[in-house]
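Engineer: Here you go, structure.cif (mmCIF, C-alpha atoms; chains and numbers go by the auth columns):
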```
data_start
#
loop_
_atom_site.group_PDB
_atom_site.id
_atom_site.type_symbol
_atom_site.label_atom_id
_atom_site.label_comp_id
_atom_site.label_asym_id
_atom_site.label_seq_id
_atom_site.Cartn_x
_atom_site.Cartn_y
_atom_site.Cartn_z
_atom_site.B_iso_or_equiv
_atom_site.auth_seq_id
_atom_site.auth_asym_id
ATOM 1 C CA MET A 1 1.572 -45.510 -19.380 0.00 173 A
ATOM 2 C CA ALA A 2 -0.018 -42.051 -19.100 0.00 174 A
ATOM 3 C CA ARG A 3 -1.896 -43.136 -15.951 0.00 175 A
ATOM 4 C CA TRP A 4 1.338 -44.125 -14.238 0.00 176 A
ATOM 5 C CA ILE A 5 3.007 -40.817 -15.062 0.00 177 A
ATOM 6 C CA PHE A 6 -0.032 -38.939 -13.741 0.00 178 A
ATOM 7 C CA ALA A 7 -0.014 -41.028 -10.530 0.00 179 A
ATOM 8 C CA VAL A 8 3.688 -40.368 -9.983 0.00 180 A
ATOM 9 C CA LEU A 9 3.138 -36.626 -10.445 0.00 181 A
ATOM 10 C CA LEU A 10 0.346 -36.645 -7.865 0.00 182 A
ATOM 11 C CA VAL A 11 2.477 -38.475 -5.312 0.00 183 A
ATOM 12 C CA ALA A 12 5.564 -36.324 -5.933 0.00 184 A
ATOM 13 C CA THR A 13 3.767 -32.958 -5.800 0.00 185 A
ATOM 14 C CA PRO A 14 4.222 -31.208 -2.415 0.00 186 A
ATOM 15 C CA VAL A 15 1.288 -29.640 -0.604 0.00 187 A
ATOM 16 C CA LEU A 16 1.790 -25.885 -0.790 0.00 188 A
ATOM 17 C CA ALA A 17 0.650 -23.334 1.738 0.00 189 A
ATOM 18 C CA ALA A 18 -2.068 -20.886 0.846 0.00 190 A
ATOM 19 C CA ASN A 19 -0.743 -17.701 -0.704 0.00 191 A
ATOM 20 C CA LYS A 20 -2.666 -14.649 0.452 0.00 192 A
ATOM 21 C CA GLY A 21 -2.542 -11.175 -1.043 0.00 193 A
ATOM 22 C CA CYS A 22 -3.713 -7.599 -0.683 0.00 194 A
ATOM 23 C CA PRO A 23 -5.789 -5.657 0.186 0.00 195 A
ATOM 24 C CA SER A 24 -6.618 -7.565 3.416 0.00 196 A
ATOM 25 C CA GLY A 25 -7.389 -10.924 4.961 0.00 197 A
ATOM 26 C CA SER A 26 -6.399 -13.351 7.661 0.00 198 A
ATOM 27 C CA VAL A 27 -4.140 -16.361 8.028 0.00 199 A
ATOM 28 C CA ALA A 28 -5.069 -19.687 9.584 0.00 200 A
ATOM 29 C CA ASN A 29 -5.475 -19.598 13.386 0.00 201 A
ATOM 30 C CA GLN A 30 -2.667 -21.237 15.345 0.00 202 A
ATOM 31 C CA SER A 31 -2.917 -23.105 18.660 0.00 203 A
ATOM 32 C CA ALA A 32 0.710 -24.219 18.959 0.00 204 A
ATOM 33 C CA THR A 33 4.199 -22.955 18.245 0.00 205 A
ATOM 34 C CA GLY A 34 5.410 -22.967 14.667 0.00 206 A
ATOM 35 C CA ALA A 35 5.191 -21.111 11.401 0.00 207 A
ATOM 36 C CA SER A 36 1.892 -20.384 9.707 0.00 208 A
ATOM 37 C CA ALA A 37 1.001 -22.528 6.725 0.00 209 A
ATOM 38 C CA ASP A 38 -0.147 -19.357 4.946 0.00 210 A
ATOM 39 C CA ALA A 39 2.195 -16.900 3.224 0.00 211 A
ATOM 40 C CA LEU A 40 1.444 -13.281 2.396 0.00 212 A
ATOM 41 C CA VAL A 41 2.658 -12.478 -1.096 0.00 213 A
ATOM 42 C CA ILE A 42 2.993 -8.710 -1.165 0.00 214 A
ATOM 43 C CA ALA A 43 3.809 -6.860 -4.378 0.00 215 A
ATOM 44 C CA LYS A 44 3.628 -3.156 -5.200 0.00 216 A
ATOM 45 C CA SER A 45 2.132 -2.180 -1.865 0.00 217 A
ATOM 46 C CA GLY A 46 3.008 0.958 0.036 0.00 218 A
ATOM 47 C CA SER A 47 2.552 -0.605 3.475 0.00 219 A
ATOM 48 C CA LEU A 48 1.590 -3.766 5.311 0.00 220 A
ATOM 49 C CA ALA A 49 -0.026 -3.975 8.757 0.00 221 A
ATOM 50 C CA VAL A 50 -0.195 -7.253 10.675 0.00 222 A
ATOM 51 C CA GLN A 51 -2.316 -7.646 13.826 0.00 223 A
ATOM 52 C CA SER A 52 -2.013 -10.684 16.105 0.00 224 A
ATOM 53 C CA THR A 53 -4.784 -11.376 18.611 0.00 225 A
ATOM 54 C CA MET A 54 -4.736 -14.049 21.308 0.00 226 A
ATOM 55 C CA THR A 55 -8.280 -15.422 21.557 0.00 227 A
ATOM 56 C CA ALA A 56 -7.438 -18.080 24.182 0.00 228 A
ATOM 57 C CA GLY A 57 -4.601 -18.809 26.590 0.00 229 A
ATOM 58 C CA THR A 58 -2.382 -16.793 28.885 0.00 230 A
ATOM 59 C CA ALA A 59 0.619 -15.874 26.712 0.00 231 A
ATOM 60 C CA ALA A 60 1.891 -16.004 23.157 0.00 232 A
ATOM 61 C CA THR A 61 4.639 -14.436 21.094 0.00 233 A
ATOM 62 C CA VAL A 62 4.290 -14.020 17.349 0.00 234 A
ATOM 63 C CA ILE A 63 7.038 -12.871 14.987 0.00 235 A
ATOM 64 C CA LEU A 64 6.889 -11.910 11.329 0.00 236 A
ATOM 65 C CA GLU A 65 9.248 -13.670 8.920 0.00 237 A
ATOM 66 C CA ILE A 66 10.284 -12.790 5.356 0.00 238 A
ATOM 67 C CA SER A 67 11.398 -14.909 2.395 0.00 239 A
ATOM 68 C CA CYS A 68 12.719 -13.360 -0.806 0.00 240 A
ATOM 69 C CA ASN A 69 13.614 -16.706 -2.386 0.00 241 A
ATOM 70 C CA GLY A 70 10.144 -18.136 -2.916 0.00 242 A
ATOM 71 C CA GLY A 71 9.819 -19.639 0.559 0.00 243 A
ATOM 72 C CA THR A 72 13.022 -21.694 0.459 0.00 244 A
ATOM 73 C CA SER A 73 14.342 -19.989 3.602 0.00 245 A
ATOM 74 C CA TRP A 74 12.817 -17.574 6.101 0.00 246 A
ATOM 75 C CA ALA A 75 14.327 -14.836 8.272 0.00 247 A
ATOM 76 C CA LYS A 76 12.868 -12.875 11.170 0.00 248 A
ATOM 77 C CA VAL A 77 11.777 -9.321 10.363 0.00 249 A
ATOM 78 C CA ALA A 78 13.613 -7.002 12.767 0.00 250 A
ATOM 79 C CA ASN A 79 11.470 -5.633 15.623 0.00 251 A
ATOM 80 C CA SER A 80 8.497 -7.801 14.668 0.00 252 A
ATOM 81 C CA ASP A 81 7.977 -9.478 18.068 0.00 253 A
ATOM 82 C CA MET A 82 4.342 -9.281 19.149 0.00 254 A
ATOM 83 C CA ALA A 83 4.077 -10.345 22.815 0.00 255 A
ATOM 84 C CA LEU A 84 0.486 -11.206 23.696 0.00 256 A
ATOM 85 C CA THR A 85 -0.794 -11.507 27.272 0.00 257 A
ATOM 86 C CA ALA A 86 -4.131 -11.425 29.074 0.00 258 A
ATOM 87 C CA ALA A 87 -3.557 -7.689 29.683 0.00 259 A
ATOM 88 C CA THR A 88 -2.492 -7.037 26.061 0.00 260 A
ATOM 89 C CA PRO A 89 -4.219 -9.650 23.905 0.00 261 A
ATOM 90 C CA SER A 90 -3.740 -7.812 20.599 0.00 262 A
ATOM 91 C CA VAL A 91 -0.650 -6.191 19.064 0.00 263 A
ATOM 92 C CA ALA A 92 -0.005 -4.814 15.570 0.00 264 A
ATOM 93 C CA ILE A 93 3.081 -3.922 13.565 0.00 265 A
ATOM 94 C CA SER A 94 3.475 -2.179 10.222 0.00 266 A
ATOM 95 C CA LEU A 95 6.024 -2.133 7.420 0.00 267 A
ATOM 96 C CA LEU A 96 6.642 0.475 4.734 0.00 268 A
ATOM 97 C CA ALA A 97 7.287 -0.681 1.159 0.00 269 A
ATOM 98 C CA PRO A 98 7.017 -4.433 1.839 0.00 270 A
ATOM 99 C CA THR A 99 8.345 -6.893 -0.727 0.00 271 A
ATOM 100 C CA CYS A 100 8.688 -10.680 -1.065 0.00 272 A
ATOM 101 C CA ARG A 101 6.692 -13.147 1.071 0.00 273 A
ATOM 102 C CA TYR A 102 5.780 -12.930 4.739 0.00 274 A
ATOM 103 C CA ARG A 103 4.471 -15.407 7.296 0.00 275 A
ATOM 104 C CA THR A 104 3.809 -15.400 11.010 0.00 276 A
ATOM 105 C CA ASN A 105 5.563 -17.718 13.439 0.00 277 A
ATOM 106 C CA VAL A 106 4.231 -18.393 16.938 0.00 278 A
ATOM 107 C CA THR A 107 7.390 -18.829 19.036 0.00 279 A
ATOM 108 C CA VAL A 108 5.725 -19.003 22.483 0.00 280 A
ATOM 109 C CA CYS A 109 2.295 -20.454 23.200 0.00 281 A
ATOM 110 C CA THR A 110 0.827 -21.112 26.645 0.00 282 A
ATOM 111 C CA GLY A 111 -2.529 -22.714 25.926 0.00 283 A
ATOM 112 C CA CYS A 112 -2.988 -20.138 23.202 0.00 284 A
ATOM 113 C CA THR A 113 -5.046 -19.646 20.110 0.00 285 A
ATOM 114 C CA VAL A 114 -3.747 -16.835 17.920 0.00 286 A
ATOM 115 C CA ALA A 115 -5.641 -15.127 15.106 0.00 287 A
ATOM 116 C CA VAL A 116 -3.747 -12.947 12.625 0.00 288 A
ATOM 117 C CA ALA A 117 -5.261 -10.328 10.330 0.00 289 A
ATOM 118 C CA TYR A 118 -3.393 -8.200 7.789 0.00 290 A
ATOM 119 C CA GLY A 119 -4.006 -5.276 5.502 0.00 291 A
ATOM 120 C CA CYS A 120 -2.132 -3.508 2.718 0.00 292 A
ATOM 121 C CA ALA A 121 -2.315 0.059 1.452 0.00 293 A
ATOM 122 C CA SER A 122 -0.949 1.585 -1.721 0.00 294 A
#
```
Step by step, read the file and then write its structure as structure tokens.

Structural biologist:
Amino acid sequence: MARWIFAVLLVATPVLAANKGCPSGSVANQSATGASADALVIAKSGSLAVQSTMTAGTAATVILEISCNGGTSWAKVANSDMALTAATPSVAISLLAPTCRYRTNVTVCTGCTVAVAYGCAS
């Protein structure tokens, strides 16, 4: 009986994204549109900087999204658009007093590969 309960728990358990934290790191590279599988869980940090770099392709747009309900729903962070081109392959944004969870979302990708690095400061 215990084996069956264990098997059911394994099948019913969702695969969760990697939670990343401060002081710095990177999220999984993306080569298509869509939200990152990684989430930045930021607590008690004075600031957060996020840098998107296009390592391949001709154009990409990356936005930063926030979730304050444990990842149930996500909303775009105002003024977080990072438009990447061959002329400007790297763009960074920063936030003061970040809270909750953050993730990147590639909304435009023309043959792109996008790398994202982040850093926090107290």

Engineer: Find the spatial neighbours of Ala250 (chain A), counting all atoms listed in the file, within a cut-off of 12 Å - ignore same-chain residues fewer than 3 positions away - and output them as a count of residues only.

Structural biologist: 10

Engineer: Leaving out Gly291 (chain A) and any residue of its chain fewer than 3 positions from it, which residues lie within 10 Å of it when counting only C-alpha atoms, given as a PyMOL selection string?

Structural biologist: chain A and resi 193-198+219-223+266

Engineer: Using all atoms listed in the file, which residue out of A:Gly242, A:Gly218, A:Gly206, A:Gly229 lies closest to Leu268 (chain A)?

Structural biologist: A:Gly218

Engineer: Would you mind reading off the distance between CA of Ala255 (chain A) and CA of Val286 (chain A), one decimal, in Å?

Structural biologist: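 Separation of CA of Ala255 (chain A) and CA of Val286 (chain A): 11.3 Å.
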
Engineer: For Ile214 (chain A), find every residue with an atom within 9 Å (counting only C-alpha atoms), except residues of its own chain fewer than 5 positions away, and show them as a tab-separated table (two decimals) with C-alpha atoms, in the coordinates of the input.

Structural biologist:
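Okay, this is what ended up in part.tsv:
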```
chain	number	residue	atom	x	y	z
A	192	LYS	CA	-2.67	-14.65	0.45
A	193	GLY	CA	-2.54	-11.18	-1.04
A	194	CYS	CA	-3.71	-7.60	-0.68
A	220	LEU	CA	1.59	-3.77	5.31
A	270	PRO	CA	7.02	-4.43	1.84
A	271	THR	CA	8.35	-6.89	-0.73
A	272	CYS	CA	8.69	-10.68	-1.06
A	273	ARG	CA	6.69	-13.15	1.07
A	274	TYR	CA	5.78	-12.93	4.74
A	292	CYS	CA	-2.13	-3.51	2.72
```

Engineer: Using all atoms listed in the file, which of the listed residues (A:Ala215, A:Ala231, A:Met226, A:Val249) sits closest to Ser294 (chain A)?

Structural biologist: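 When distances to Ser294 (chain A) are compared using all atoms listed in the file, the smallest one comes from A:Ala215.
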
Engineer: Which residue out of A:Ala258, A:Ala293, A:Val199, A:Ser239 has the minimum interatomic distance to Thr227 (chain A) when all atoms listed in the file are used?

Structural biologist: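 Ranking A:Ala258, A:Ala293, A:Val199, A:Ser239 by distance to Thr227 (chain A), first place goes to A:Ala258.
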
Engineer: Rounded to one decimal, what separation in Å do you get between CA of Ala269 (chain A) and CA of Asn191 (chain A)?

Structural biologist: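 Separating CA of Ala269 (chain A) from CA of Asn191 (chain A) is a distance of 18.9 Å.
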
Engineer: Which one is closest to Val263 (chain A): A:Ser203, A:Asn251, A:Ser217, A:Val234? Count all atoms listed in the file.

Structural biologist: A:Val234

Engineer: Between CA of Ser252 (chain A) and CA of Ala209 (chain A), measure the distance and give it in Å to one decimal.

Structural biologist: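 We find that CA of Ser252 (chain A) and CA of Ala209 (chain A) lie 18.3 Å from each other.
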
Engineer: Reconstruct N, CA and C atoms of region 231-265 of chain A; output as a PDB file, keeping the file's coordinate frame.

Structural biologist:
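Produced file out-v4.pdb, reproduced below:
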```
ATOM      1  N   ALA A 231      -0.521 -16.584  27.298  1.00  0.00           N
ATOM      2  CA  ALA A 231       0.619 -15.874  26.712  1.00  0.00           C
ATOM      3  C   ALA A 231       0.958 -16.459  25.349  1.00  0.00           C
ATOM      4  N   ALA A 232       1.413 -15.584  24.481  1.00  0.00           N
ATOM      5  CA  ALA A 232       1.891 -16.004  23.157  1.00  0.00           C
ATOM      6  C   ALA A 232       2.829 -14.936  22.618  1.00  0.00           C
ATOM      7  N   THR A 233       3.776 -15.364  21.815  1.00  0.00           N
ATOM      8  CA  THR A 233       4.639 -14.436  21.094  1.00  0.00           C
ATOM      9  C   THR A 233       4.602 -14.818  19.625  1.00  0.00           C
ATOM     10  N   VAL A 234       4.367 -13.818  18.796  1.00  0.00           N
ATOM     11  CA  VAL A 234       4.290 -14.020  17.349  1.00  0.00           C
ATOM     12  C   VAL A 234       5.346 -13.128  16.711  1.00  0.00           C
ATOM     13  N   ILE A 235       6.091 -13.678  15.758  1.00  0.00           N
ATOM     14  CA  ILE A 235       7.038 -12.871  14.987  1.00  0.00           C
ATOM     15  C   ILE A 235       6.628 -12.916  13.519  1.00  0.00           C
ATOM     16  N   LEU A 236       7.105 -11.949  12.765  1.00  0.00           N
ATOM     17  CA  LEU A 236       6.889 -11.910  11.329  1.00  0.00           C
ATOM     18  C   LEU A 236       8.190 -12.335  10.664  1.00  0.00           C
ATOM     19  N   GLU A 237       8.080 -13.196   9.652  1.00  0.00           N
ATOM     20  CA  GLU A 237       9.248 -13.670   8.920  1.00  0.00           C
ATOM     21  C   GLU A 237       9.108 -13.301   7.446  1.00  0.00           C
ATOM     22  N   ILE A 238      10.257 -13.164   6.766  1.00  0.00           N
ATOM     23  CA  ILE A 238      10.284 -12.790   5.356  1.00  0.00           C
ATOM     24  C   ILE A 238      11.082 -13.822   4.572  1.00  0.00           C
ATOM     25  N   SER A 239      10.660 -14.055   3.326  1.00  0.00           N
ATOM     26  CA  SER A 239      11.398 -14.909   2.395  1.00  0.00           C
ATOM     27  C   SER A 239      11.406 -14.219   1.038  1.00  0.00           C
ATOM     28  N   CYS A 240      12.593 -13.965   0.523  1.00  0.00           N
ATOM     29  CA  CYS A 240      12.719 -13.360  -0.806  1.00  0.00           C
ATOM     30  C   CYS A 240      13.206 -14.375  -1.834  1.00  0.00           C
ATOM     31  N   ASN A 241      13.202 -15.658  -1.448  1.00  0.00           N
ATOM     32  CA  ASN A 241      13.614 -16.706  -2.386  1.00  0.00           C
ATOM     33  C   ASN A 241      12.505 -17.746  -2.576  1.00  0.00           C
ATOM     34  N   GLY A 242      11.272 -17.264  -2.626  1.00  0.00           N
ATOM     35  CA  GLY A 242      10.144 -18.136  -2.916  1.00  0.00           C
ATOM     36  C   GLY A 242       9.757 -19.082  -1.800  1.00  0.00           C
ATOM     37  N   GLY A 243      10.171 -18.798  -0.576  1.00  0.00           N
ATOM     38  CA  GLY A 243       9.819 -19.639   0.559  1.00  0.00           C
ATOM     39  C   GLY A 243      10.835 -20.723   0.867  1.00  0.00           C
ATOM     40  N   THR A 244      11.985 -20.700   0.193  1.00  0.00           N
ATOM     41  CA  THR A 244      13.022 -21.694   0.459  1.00  0.00           C
ATOM     42  C   THR A 244      13.610 -21.510   1.846  1.00  0.00           C
ATOM     43  N   SER A 245      13.855 -20.269   2.247  1.00  0.00           N
ATOM     44  CA  SER A 245      14.342 -19.989   3.602  1.00  0.00           C
ATOM     45  C   SER A 245      13.631 -18.741   4.119  1.00  0.00           C
ATOM     46  N   TRP A 246      13.529 -18.665   5.444  1.00  0.00           N
ATOM     47  CA  TRP A 246      12.817 -17.574   6.101  1.00  0.00           C
ATOM     48  C   TRP A 246      13.716 -16.914   7.138  1.00  0.00           C
ATOM     49  N   ALA A 247      13.557 -15.594   7.286  1.00  0.00           N
ATOM     50  CA  ALA A 247      14.327 -14.836   8.272  1.00  0.00           C
ATOM     51  C   ALA A 247      13.373 -13.944   9.067  1.00  0.00           C
ATOM     52  N   LYS A 248      13.702 -13.722  10.320  1.00  0.00           N
ATOM     53  CA  LYS A 248      12.868 -12.875  11.170  1.00  0.00           C
ATOM     54  C   LYS A 248      12.953 -11.427  10.698  1.00  0.00           C
ATOM     55  N   VAL A 249      11.819 -10.755  10.641  1.00  0.00           N
ATOM     56  CA  VAL A 249      11.777  -9.321  10.363  1.00  0.00           C
ATOM     57  C   VAL A 249      12.164  -8.606  11.656  1.00  0.00           C
ATOM     58  N   ALA A 250      13.141  -7.712  11.575  1.00  0.00           N
ATOM     59  CA  ALA A 250      13.613  -7.002  12.767  1.00  0.00           C
ATOM     60  C   ALA A 250      12.464  -6.278  13.465  1.00  0.00           C
ATOM     61  N   ASN A 251      12.454  -6.325  14.772  1.00  0.00           N
ATOM     62  CA  ASN A 251      11.470  -5.633  15.623  1.00  0.00           C
ATOM     63  C   ASN A 251      10.034  -6.071  15.356  1.00  0.00           C
ATOM     64  N   SER A 252       9.847  -7.329  14.976  1.00  0.00           N
ATOM     65  CA  SER A 252       8.497  -7.801  14.668  1.00  0.00           C
ATOM     66  C   SER A 252       7.867  -8.609  15.793  1.00  0.00           C
ATOM     67  N   ASP A 253       8.523  -8.704  16.944  1.00  0.00           N
ATOM     68  CA  ASP A 253       7.977  -9.478  18.068  1.00  0.00           C
ATOM     69  C   ASP A 253       6.666  -8.866  18.550  1.00  0.00           C
ATOM     70  N   MET A 254       5.642  -9.702  18.624  1.00  0.00           N
ATOM     71  CA  MET A 254       4.342  -9.281  19.149  1.00  0.00           C
ATOM     72  C   MET A 254       4.049 -10.154  20.366  1.00  0.00           C
ATOM     73  N   ALA A 255       4.296  -9.614  21.570  1.00  0.00           N
ATOM     74  CA  ALA A 255       4.077 -10.345  22.815  1.00  0.00           C
ATOM     75  C   ALA A 255       2.630 -10.142  23.260  1.00  0.00           C
ATOM     76  N   LEU A 256       1.899 -11.247  23.346  1.00  0.00           N
ATOM     77  CA  LEU A 256       0.486 -11.206  23.696  1.00  0.00           C
ATOM     78  C   LEU A 256       0.288 -11.773  25.104  1.00  0.00           C
ATOM     79  N   THR A 257      -0.488 -11.070  25.915  1.00  0.00           N
ATOM     80  CA  THR A 257      -0.794 -11.507  27.272  1.00  0.00           C
ATOM     81  C   THR A 257      -2.276 -11.269  27.533  1.00  0.00           C
ATOM     82  N   ALA A 258      -2.733 -11.684  28.714  1.00  0.00           N
ATOM     83  CA  ALA A 258      -4.131 -11.425  29.074  1.00  0.00           C
ATOM     84  C   ALA A 258      -4.397  -9.923  29.132  1.00  0.00           C
ATOM     85  N   ALA A 259      -3.401  -9.147  29.586  1.00  0.00           N
ATOM     86  CA  ALA A 259      -3.557  -7.689  29.683  1.00  0.00           C
ATOM     87  C   ALA A 259      -3.456  -7.011  28.316  1.00  0.00           C
ATOM     88  N   THR A 260      -2.675  -7.584  27.411  1.00  0.00           N
ATOM     89  CA  THR A 260      -2.492  -7.037  26.061  1.00  0.00           C
ATOM     90  C   THR A 260      -2.703  -8.166  25.062  1.00  0.00           C
ATOM     91  N   PRO A 261      -3.963  -8.499  24.770  1.00  0.00           N
ATOM     92  CA  PRO A 261      -4.219  -9.650  23.905  1.00  0.00           C
ATOM     93  C   PRO A 261      -4.080  -9.382  22.407  1.00  0.00           C
ATOM     94  N   SER A 262      -3.843  -8.132  22.020  1.00  0.00           N
ATOM     95  CA  SER A 262      -3.740  -7.812  20.599  1.00  0.00           C
ATOM     96  C   SER A 262      -2.632  -6.793  20.368  1.00  0.00           C
ATOM     97  N   VAL A 263      -1.769  -7.080  19.396  1.00  0.00           N
ATOM     98  CA  VAL A 263      -0.650  -6.191  19.064  1.00  0.00           C
ATOM     99  C   VAL A 263      -0.525  -6.146  17.544  1.00  0.00           C
ATOM    100  N   ALA A 264      -0.180  -4.974  17.014  1.00  0.00           N
ATOM    101  CA  ALA A 264      -0.005  -4.814  15.570  1.00  0.00           C
ATOM    102  C   ALA A 264       1.355  -4.212  15.261  1.00  0.00           C
ATOM    103  N   ILE A 265       1.862  -4.536  14.087  1.00  0.00           N
ATOM    104  CA  ILE A 265       3.081  -3.922  13.565  1.00  0.00           C
ATOM    105  C   ILE A 265       2.798  -3.488  12.134  1.00  0.00           C
TER     106      ILE A 265
END
```
